[in-house]
>>> print(open('work-v3.cif').read())   # mmCIF, C-alpha atoms and all ligand atoms
data_protein
loop_
_atom_site.label_atom_id
_atom_site.label_comp_id
_atom_site.auth_asym_id
_atom_site.auth_seq_id
_atom_site.Cartn_x
_atom_site.Cartn_y
_atom_site.Cartn_z
CA MET A 1 0.00 0.00 0.00
CA THR A 2 1.10 3.59 -0.60
CA PRO A 3 1.29 5.84 2.50
CA HIS A 4 -2.18 7.17 1.57
CA LEU A 5 -5.45 5.51 0.56
CA LEU A 6 -6.77 7.92 -2.06
CA SER A 7 -8.06 5.59 -4.76
CA VAL A 8 -8.58 1.86 -5.14
CA ASP A 9 -6.31 2.15 -8.20
CA ASP A 10 -3.44 1.71 -5.75
CA LEU A 11 -4.63 -1.80 -4.75
CA ASN A 12 -4.15 -5.22 -6.31
CA LEU A 13 -5.52 -8.66 -5.36
CA ASP A 14 -2.58 -9.42 -3.05
CA ALA A 15 -3.10 -6.13 -1.20
CA LEU A 16 -6.82 -6.90 -0.86
CA ASP A 17 -6.14 -10.39 0.52
CA GLU A 18 -3.67 -8.94 3.04
CA LEU A 19 -6.03 -6.17 4.13
CA PHE A 20 -8.99 -8.54 4.52
CA SER A 21 -6.86 -10.98 6.50
CA ILE A 22 -6.02 -8.14 8.93
CA ALA A 23 -9.72 -7.21 9.08
CA GLU A 24 -10.64 -10.81 9.96
CA ARG A 25 -8.05 -10.86 12.75
CA LEU A 26 -9.52 -7.61 14.09
CA GLU A 27 -13.16 -8.78 14.02
CA PRO A 28 -13.14 -9.67 17.76
CA VAL A 29 -11.83 -6.16 18.54
CA ALA A 30 -14.44 -4.57 16.29
CA ARG A 31 -17.14 -6.41 18.28
CA ARG A 32 -15.37 -5.62 21.61
CA GLN A 33 -14.91 -9.30 22.44
CA LYS A 34 -11.18 -8.48 22.66
CA VAL A 35 -9.34 -5.21 23.22
CA THR A 36 -6.06 -3.88 21.85
CA ARG A 37 -4.07 -0.66 22.31
CA ILE A 38 -1.82 -0.86 19.23
CA LEU A 39 -2.59 2.79 18.37
CA GLU A 40 -2.27 4.12 21.91
CA GLY A 41 -1.03 7.73 21.80
CA ALA A 42 -1.94 8.16 18.13
CA VAL A 43 -4.36 10.89 17.06
CA LEU A 44 -6.68 10.82 14.03
CA GLY A 45 -7.86 13.99 12.28
CA ASN A 46 -11.35 13.12 11.02
CA LEU A 47 -12.19 15.97 8.63
CA PHE A 48 -15.62 15.90 7.02
CA PHE A 49 -16.51 18.83 4.78
CA GLU A 50 -19.58 17.04 3.43
CA ALA A 51 -22.43 15.24 5.22
CA SER A 52 -21.75 11.75 6.61
CA THR A 53 -23.09 9.39 9.23
CA ARG A 54 -21.47 5.98 8.61
CA THR A 55 -18.05 6.88 7.26
CA ARG A 56 -17.28 9.55 9.85
CA ILE A 57 -18.50 7.60 12.87
CA SER A 58 -17.11 4.23 11.81
CA PHE A 59 -13.63 5.66 11.10
CA ASN A 60 -13.83 7.32 14.51
CA THR A 61 -14.89 4.08 16.21
CA ALA A 62 -12.26 2.04 14.35
CA PHE A 63 -9.43 4.34 15.51
CA CYS A 64 -10.70 4.36 19.12
CA ARG A 65 -11.05 0.55 19.16
CA LEU A 66 -7.33 0.39 18.28
CA GLY A 67 -6.50 2.59 21.29
CA GLY A 68 -6.13 5.95 19.52
CA THR A 69 -7.99 9.21 20.00
CA VAL A 70 -9.85 11.30 17.43
CA CYS A 71 -10.17 15.02 16.60
CA ASP A 72 -13.29 15.60 14.54
CA THR A 73 -14.36 18.53 12.43
CA THR A 74 -17.51 18.67 10.35
CA GLY A 75 -18.47 21.23 7.71
CA PHE A 76 -16.56 24.24 6.38
CA THR A 77 -18.27 26.56 8.88
CA PHE A 78 -16.18 25.30 11.80
CA SER A 79 -12.89 25.24 9.89
CA SER A 80 -10.69 28.24 9.09
CA MET A 81 -11.36 27.52 5.43
CA ALA A 82 -14.49 29.57 6.16
CA LYS A 83 -12.03 32.48 6.71
CA GLY A 84 -10.35 31.84 3.36
CA GLU A 85 -7.54 29.45 4.38
CA SER A 86 -6.43 27.26 1.48
CA LEU A 87 -6.61 23.47 1.39
CA ALA A 88 -2.80 23.41 1.14
CA ASP A 89 -2.26 25.48 4.31
CA THR A 90 -4.93 23.51 6.17
CA SER A 91 -3.22 20.27 5.23
CA ARG A 92 0.27 21.45 6.35
CA VAL A 93 -1.14 22.61 9.70
CA ILE A 94 -3.17 19.50 10.50
CA ALA A 95 -0.31 17.20 9.48
CA GLY A 96 1.62 18.69 12.41
CA TYR A 97 -1.10 17.73 14.88
CA VAL A 98 -2.15 14.20 14.01
CA ASP A 99 -0.84 10.78 12.95
CA ALA A 100 -3.47 9.99 10.31
CA ILE A 101 -6.19 11.90 8.48
CA VAL A 102 -9.54 10.88 7.04
CA MET A 103 -11.04 13.50 4.80
CA ARG A 104 -14.32 13.92 2.92
CA HIS A 105 -14.71 16.87 0.58
CA PRO A 106 -17.31 17.78 -2.07
CA ASP A 107 -14.75 18.25 -4.88
CA ARG A 108 -13.30 15.40 -6.94
CA GLY A 109 -9.51 15.26 -6.51
CA SER A 110 -9.52 17.50 -3.44
CA VAL A 111 -8.41 14.77 -1.01
CA ALA A 112 -5.46 13.87 -3.25
CA GLU A 113 -4.56 17.58 -3.42
CA PHE A 114 -4.76 17.76 0.39
CA ALA A 115 -2.47 14.73 0.70
CA SER A 116 0.06 15.80 -1.90
CA ALA A 117 2.34 17.87 0.35
CA ILE A 118 2.27 15.81 3.56
CA ASN A 119 3.60 12.47 4.76
CA VAL A 120 0.89 11.76 7.33
CA PRO A 121 -1.31 8.99 5.85
CA VAL A 122 -4.49 10.40 4.32
CA ILE A 123 -7.57 8.28 3.62
CA ASN A 124 -10.10 9.47 1.08
CA GLY A 125 -13.47 9.37 2.84
CA GLY A 126 -15.20 10.47 -0.38
CA ASP A 127 -14.19 13.22 -2.81
CA GLY A 128 -17.36 14.47 -4.47
CA PRO A 129 -18.37 12.09 -7.27
CA GLY A 130 -14.81 10.70 -7.44
CA GLU A 131 -14.06 7.71 -5.23
CA HIS A 132 -14.87 6.22 -1.85
CA PRO A 133 -12.18 3.54 -1.41
CA SER A 134 -12.97 2.44 2.15
CA GLN A 135 -16.65 1.92 1.24
CA ALA A 136 -15.66 -0.22 -1.74
CA LEU A 137 -13.31 -2.22 0.48
CA LEU A 138 -16.02 -2.94 3.03
CA ASP A 139 -18.43 -3.75 0.17
CA LEU A 140 -16.00 -6.25 -1.32
CA TYR A 141 -15.25 -7.69 2.15
CA THR A 142 -19.02 -8.13 2.58
CA ILE A 143 -19.42 -9.83 -0.82
CA ARG A 144 -16.54 -12.21 -0.02
CA LYS A 145 -18.02 -13.07 3.39
CA GLU A 146 -21.54 -13.54 2.06
CA PHE A 147 -20.31 -15.65 -0.85
CA ALA A 148 -18.14 -17.78 1.47
CA ARG A 149 -21.22 -18.44 3.63
CA ILE A 150 -23.30 -19.64 0.67
CA GLY A 151 -20.44 -21.37 -1.21
CA LYS A 152 -20.14 -18.98 -4.18
CA THR A 153 -17.06 -17.44 -5.80
CA ILE A 154 -16.68 -13.95 -7.21
CA ALA A 155 -15.41 -15.30 -10.52
CA GLY A 156 -18.37 -15.56 -12.89
CA ALA A 157 -20.76 -13.73 -10.56
CA HIS A 158 -23.53 -11.53 -11.95
CA ILE A 159 -23.43 -8.09 -10.31
CA LEU A 160 -26.29 -5.65 -10.86
CA MET A 161 -25.51 -1.99 -10.14
CA THR A 162 -28.44 0.38 -10.27
CA GLY A 163 -29.40 3.96 -9.44
CA ASP A 164 -27.09 6.94 -9.77
CA LEU A 165 -24.02 5.40 -11.38
CA LYS A 166 -22.63 8.79 -12.44
CA TYR A 167 -22.36 10.55 -9.09
CA GLY A 168 -22.37 7.41 -6.92
CA ARG A 169 -18.68 7.27 -6.04
CA THR A 170 -19.06 3.95 -4.24
CA VAL A 171 -19.96 2.15 -7.48
CA HIS A 172 -16.93 3.67 -9.19
CA SER A 173 -14.56 2.31 -6.55
CA LEU A 174 -16.38 -1.04 -6.22
CA ALA A 175 -16.42 -1.64 -10.00
CA LYS A 176 -12.66 -1.09 -10.07
CA LEU A 177 -12.06 -3.53 -7.20
CA LEU A 178 -14.34 -6.20 -8.66
CA SER A 179 -12.65 -5.80 -12.05
CA LEU A 180 -9.44 -7.19 -10.56
CA HIS A 181 -11.11 -10.61 -10.27
CA ALA A 182 -11.64 -13.29 -12.92
CA PRO A 183 -14.29 -12.39 -15.51
CA MET A 184 -17.78 -11.69 -14.25
CA HIS A 185 -21.00 -10.21 -15.59
CA PHE A 186 -21.98 -6.60 -14.78
CA THR A 187 -25.46 -5.26 -15.49
CA LEU A 188 -25.75 -1.48 -15.17
CA VAL A 189 -29.18 0.17 -14.89
CA ALA A 190 -29.26 3.96 -14.46
CA PRO A 191 -31.53 6.86 -15.43
CA PRO A 192 -30.60 8.86 -18.55
CA SER A 193 -27.75 11.29 -17.73
CA LEU A 194 -26.76 9.30 -14.62
CA GLU A 195 -25.06 6.39 -16.38
CA MET A 196 -21.75 4.85 -15.32
CA PRO A 197 -18.81 6.93 -16.69
CA VAL A 198 -17.63 5.59 -20.05
CA ASN A 199 -14.03 5.18 -18.89
CA LEU A 200 -15.16 2.73 -16.20
CA ILE A 201 -17.30 0.73 -18.63
CA GLU A 202 -14.34 0.53 -21.01
CA MET A 203 -12.06 -0.53 -18.16
CA LEU A 204 -14.44 -3.39 -17.22
CA MET A 205 -14.65 -4.59 -20.82
CA ALA A 206 -10.90 -4.29 -21.37
CA ARG A 207 -10.38 -6.57 -18.36
CA GLY A 208 -12.60 -9.24 -19.93
CA HIS A 209 -15.87 -8.67 -18.06
CA ARG A 210 -19.27 -8.79 -19.73
CA VAL A 211 -21.14 -5.48 -19.38
CA ASP A 212 -24.86 -5.09 -20.15
CA ILE A 213 -26.37 -1.60 -20.00
CA LEU A 214 -30.14 -1.57 -19.54
CA ASP A 215 -32.79 1.15 -19.20
CA SER A 216 -34.89 -0.47 -16.50
CA LEU A 217 -34.78 -3.24 -13.92
CA ASP A 218 -37.71 -4.73 -15.90
CA ASP A 219 -35.22 -5.54 -18.67
CA VAL A 220 -33.01 -7.74 -16.44
CA THR A 221 -33.50 -11.30 -17.68
CA THR A 222 -30.86 -13.45 -15.98
CA ALA A 223 -30.49 -14.34 -12.31
CA ILE A 224 -28.41 -11.97 -10.22
CA ASP A 225 -25.89 -12.81 -7.49
CA VAL A 226 -25.53 -9.28 -6.06
CA VAL A 227 -27.93 -6.34 -6.35
CA TYR A 228 -26.09 -3.11 -5.50
CA ALA A 229 -28.64 -0.29 -5.29
CA THR A 230 -27.69 3.38 -4.92
CA ARG A 231 -29.42 6.65 -4.15
CA ILE A 232 -30.02 9.37 -6.79
CA GLN A 233 -27.62 12.12 -5.64
CA LYS A 234 -29.70 15.18 -6.49
CA GLU A 235 -27.43 17.33 -4.31
CA ARG A 236 -24.80 16.97 -7.07
CA PHE A 237 -27.13 17.94 -9.93
CA THR A 238 -26.47 21.12 -11.88
CA GLU A 239 -29.37 23.60 -12.17
CA GLU A 240 -30.20 22.35 -15.67
CA MET A 241 -30.26 18.72 -14.50
CA HIS A 242 -32.90 19.55 -11.89
CA ASP A 243 -34.99 21.03 -14.72
CA VAL A 244 -34.63 18.14 -17.17
CA PHE A 245 -34.19 15.08 -14.91
CA SER A 246 -36.87 12.66 -15.91
CA GLY A 247 -35.72 9.42 -14.32
CA ARG A 248 -38.62 7.04 -13.74
CA PRO A 249 -37.91 6.08 -10.12
CA GLU A 250 -39.87 2.85 -10.42
CA ALA A 251 -37.48 1.67 -13.17
CA TYR A 252 -34.62 1.54 -10.62
CA HIS A 253 -36.60 0.53 -7.57
CA VAL A 254 -35.21 -2.53 -5.84
CA ASN A 255 -38.19 -3.96 -3.99
CA ARG A 256 -39.84 -7.25 -3.20
CA ALA A 257 -41.62 -7.42 -6.56
CA PHE A 258 -38.29 -7.05 -8.39
CA MET A 259 -36.61 -9.62 -6.16
CA ASP A 260 -39.46 -12.07 -6.75
CA ARG A 261 -38.98 -11.65 -10.51
CA ARG A 262 -35.21 -11.57 -10.94
CA ALA A 263 -33.45 -12.84 -7.82
CA THR A 264 -32.65 -16.24 -6.39
CA PRO A 265 -32.88 -17.39 -2.75
CA GLN A 266 -29.15 -16.58 -2.51
CA THR A 267 -29.06 -13.15 -4.16
CA ILE A 268 -27.39 -10.61 -1.88
CA ILE A 269 -28.98 -7.17 -1.61
CA MET A 270 -26.54 -4.32 -0.95
CA HIS A 271 -26.63 -0.52 -0.76
CA PRO A 272 -23.87 1.79 0.53
CA LEU A 273 -26.52 3.82 2.39
CA PRO A 274 -27.98 6.26 3.13
CA ARG A 275 -31.09 5.18 1.25
CA ASP A 276 -33.48 8.00 0.49
CA SER A 277 -36.71 7.69 2.47
CA ARG A 278 -38.26 10.95 1.24
CA PRO A 279 -41.49 10.90 -0.77
CA GLY A 280 -40.82 10.21 -4.45
CA ALA A 281 -37.45 8.54 -3.86
CA HIS A 282 -37.25 4.87 -4.77
CA ASP A 283 -33.83 3.29 -4.37
CA LEU A 284 -34.14 0.36 -1.98
CA SER A 285 -37.57 -0.40 -0.58
CA THR A 286 -38.22 -1.03 3.09
CA ASP A 287 -40.45 -3.93 2.00
CA LEU A 288 -37.22 -5.98 1.94
CA ASP A 289 -36.21 -5.05 5.49
CA THR A 290 -37.00 -8.45 6.97
CA ASP A 291 -35.50 -10.36 4.03
CA PRO A 292 -32.42 -12.32 5.17
CA ARG A 293 -30.79 -11.60 1.81
CA LEU A 294 -30.63 -7.91 2.75
CA ALA A 295 -26.98 -7.34 3.69
CA ILE A 296 -27.03 -3.55 4.20
CA PHE A 297 -26.53 -3.65 7.97
CA ARG A 298 -23.95 -6.42 7.69
CA GLN A 299 -22.19 -4.02 5.29
CA THR A 300 -22.23 -1.20 7.85
CA ASP A 301 -21.00 -3.55 10.59
CA ASN A 302 -18.15 -4.70 8.34
CA GLY A 303 -17.05 -1.08 8.05
CA ILE A 304 -15.42 -1.25 11.49
CA PRO A 305 -12.96 -4.17 11.00
CA VAL A 306 -12.15 -3.04 7.46
CA ARG A 307 -11.42 0.52 8.57
CA MET A 308 -9.40 -0.79 11.51
CA ALA A 309 -7.37 -2.86 9.05
CA ILE A 310 -6.75 0.22 6.87
CA PHE A 311 -5.36 2.09 9.91
CA ALA A 312 -3.30 -0.89 11.07
CA LYS A 313 -1.74 -1.24 7.63
CA LEU A 314 -1.14 2.46 6.92
CA LEU A 315 0.31 3.07 10.38
CA GLU A 316 2.36 -0.15 10.18
CA VAL A 317 1.13 -1.75 13.40
CA ASP A 318 -0.54 -4.83 11.88
CA HIS A 319 2.33 -7.07 13.04
CA LEU A 320 1.51 -6.11 16.65
CA ILE A 321 -2.11 -7.31 16.60
CA GLU A 322 -1.82 -10.90 17.85
CA GLY A 323 0.52 -10.09 20.76
CA SER A 324 -1.65 -7.19 21.88
CA LEU A 325 -5.07 -8.80 22.20
CA ARG A 326 -6.58 -8.90 25.68
CA ASP A 327 -9.89 -10.15 27.00
CA VAL A 328 -12.46 -7.47 27.78
N1 LIG A 401 -21.90 5.11 2.72
C1 LIG A 401 -21.56 6.33 3.16
O1 LIG A 401 -20.59 6.94 2.69
O2 LIG A 401 -22.38 6.81 4.13
P1 LIG A 401 -22.22 8.25 4.83
O3 LIG A 401 -22.44 9.29 3.75
O4 LIG A 401 -23.28 8.28 5.90
O5 LIG A 401 -20.84 8.35 5.38
#
>>> encode(input="work-v3.cif", output="structure tokens")
Amino acid sequence: MTPHLLSVDDLNLDALDELFSIAERLEPVARRQKVTRILEGAVLGNLFFEASTRTRISFNTAFCRLGGTVCDTTGFTFSSMAKGESLADTSRVIAGYVDAIVMRHPDRGSVAEFASAINVPVINGGDGPGEHPSQALLDLYTIRKEFARIGKTIAGAHILMTGDLKYGRTVHSLAKLLSLHAPMHFTLVAPPSLEMPVNLIEMLMARGHRVDILDSLDDVTTAIDVVYATRIQKERFTEEMHDVFSGRPEAYHVNRAFMDRRATPQTIIMHPLPRDSRPGAHDLSTDLDTDPRLAIFRQTDNGIPVRMAIFAKLLEVDHLIEGSLRDV
């Protein structure tokens, strides 16, 4: 791994196997069945300049579970960037205070810019519509665990990604990670103007994967192994897009009726969350909430060991794990 985690482009299958092995070893700590202090004395700067519930709190929890402490800031209002301080100056200052930084920012490329002049490890917690590497890692960790439980392999799997595939940074990072595996079948279903970026579709095809692009979930004809639903990110729309957006929400609505038509008893239902519960929004229906195939809260739970593993690896303390574990 590089000193930072800015994009999943920096990862290969060996790095994934190593990271997930660390995450597995840290599962008892994540669940507080064991405790460790391998990051005692270390401080995390958790900088969120865009809304977050899961990523911010789970990175915070992961660092604390490893024995470290966390300084949090949320929103531009409570940062001196509100007084005109540049990203570069902010980065140089904070690097002098902390041992690791997680940052979320509304602009694509901003986290890499922030990291460019400092040696303190920086983790991209989401840079606008760019990438969300830790979410993709916990998504892949979840797929591997779910598949192991039901005896499936990722090679040859049929992955359906639906919703906002343009602004949904989690699908960008997850598609890249999945593409590292042996050939599989991707079906992409998005509203007009919110399709998966062409460079990512070309990357999938160049790596030997089958890619089908459909207009509606009604057009899906073959059985799916993973449904990955996403929210329409209207907060990223330009003014004109608000005027012309004509997505038919029901065409991308993952609900019981769709699952009855196109899924199998072993299809896994995923969503990076948050799902949009406002009137008129239809990403993932609550009518699947009692369905055991719904993995969304197993996904969020997996965020803790995976984010602990990222810290352990970036801060080079993974070799200390076994000797440090104590009973609660
Ligand atoms: N999945 C995700 O990034 O959630 P938050 O926006 O709540 O962090």
>>> residues_around(input="work-v3.cif", residues="Cys64 in chain A", least_positions_apart="4", cutoff="10 Å", atoms="only C-alpha atoms", output="ChimeraX atom specification")
/A:36-37,39-40,42-44,58-60,68-70,308
>>> atom_distance(input="work-v3.cif", atom1="CA of Glu235 in chain A", atom2="CA of Ser173 in chain A")
19.9 Å
>>> residues_around(input="work-v3.cif", residues="range 260-267 of chain A", least_positions_apart="6", cutoff="7 Å", atoms="only C-alpha atoms", output="number ranges by chain")
A: 221-226, 293
>>> closest_residue(input="work-v3.cif", among="A:Pro197, A:Ser110, A:Gly208, A:Ser324", to="Ala182 in chain A", atoms="all atoms listed in the file")
A:Gly208
>>> residues_near_ligand(input="work-v3.cif", ligand="ligand LIG 401 (chain A)", cutoff="8 Å", atoms="only C-alpha atoms and all ligand atoms", output="number ranges by chain")
A: 51-57, 125-126, 132, 135, 170, 272-274
>>> residues_around(input="work-v3.cif", residues="range 75-86 of chain A", least_positions_apart="5", cutoff="10 Å", atoms="all atoms listed in the file", output="tab-separated table (two decimals) with C-alpha atoms, in the coordinates of the input")
chain	number	residue	atom	x	y	z
A	47	LEU	CA	-12.19	15.97	8.63
A	48	PHE	CA	-15.62	15.90	7.02
A	49	PHE	CA	-16.51	18.83	4.78
A	50	GLU	CA	-19.58	17.04	3.43
A	51	ALA	CA	-22.43	15.24	5.22
A	91	SER	CA	-3.22	20.27	5.23
A	104	ARG	CA	-14.32	13.92	2.92
A	105	HIS	CA	-14.71	16.87	0.58
A	114	PHE	CA	-4.76	17.76	0.39
>>> closest_residue(input="work-v3.cif", among="A:Arg248, A:Val29, A:Ser7, A:Asn12", to="Leu325 in chain A", atoms="all atoms listed in the file")
A:Val29
>>> closest_residue(input="work-v3.cif", among="A:Val220, A:Met259, A:Leu16, A:Ile232", to="Pro129 in chain A", atoms="all atoms listed in the file")
A:Ile232
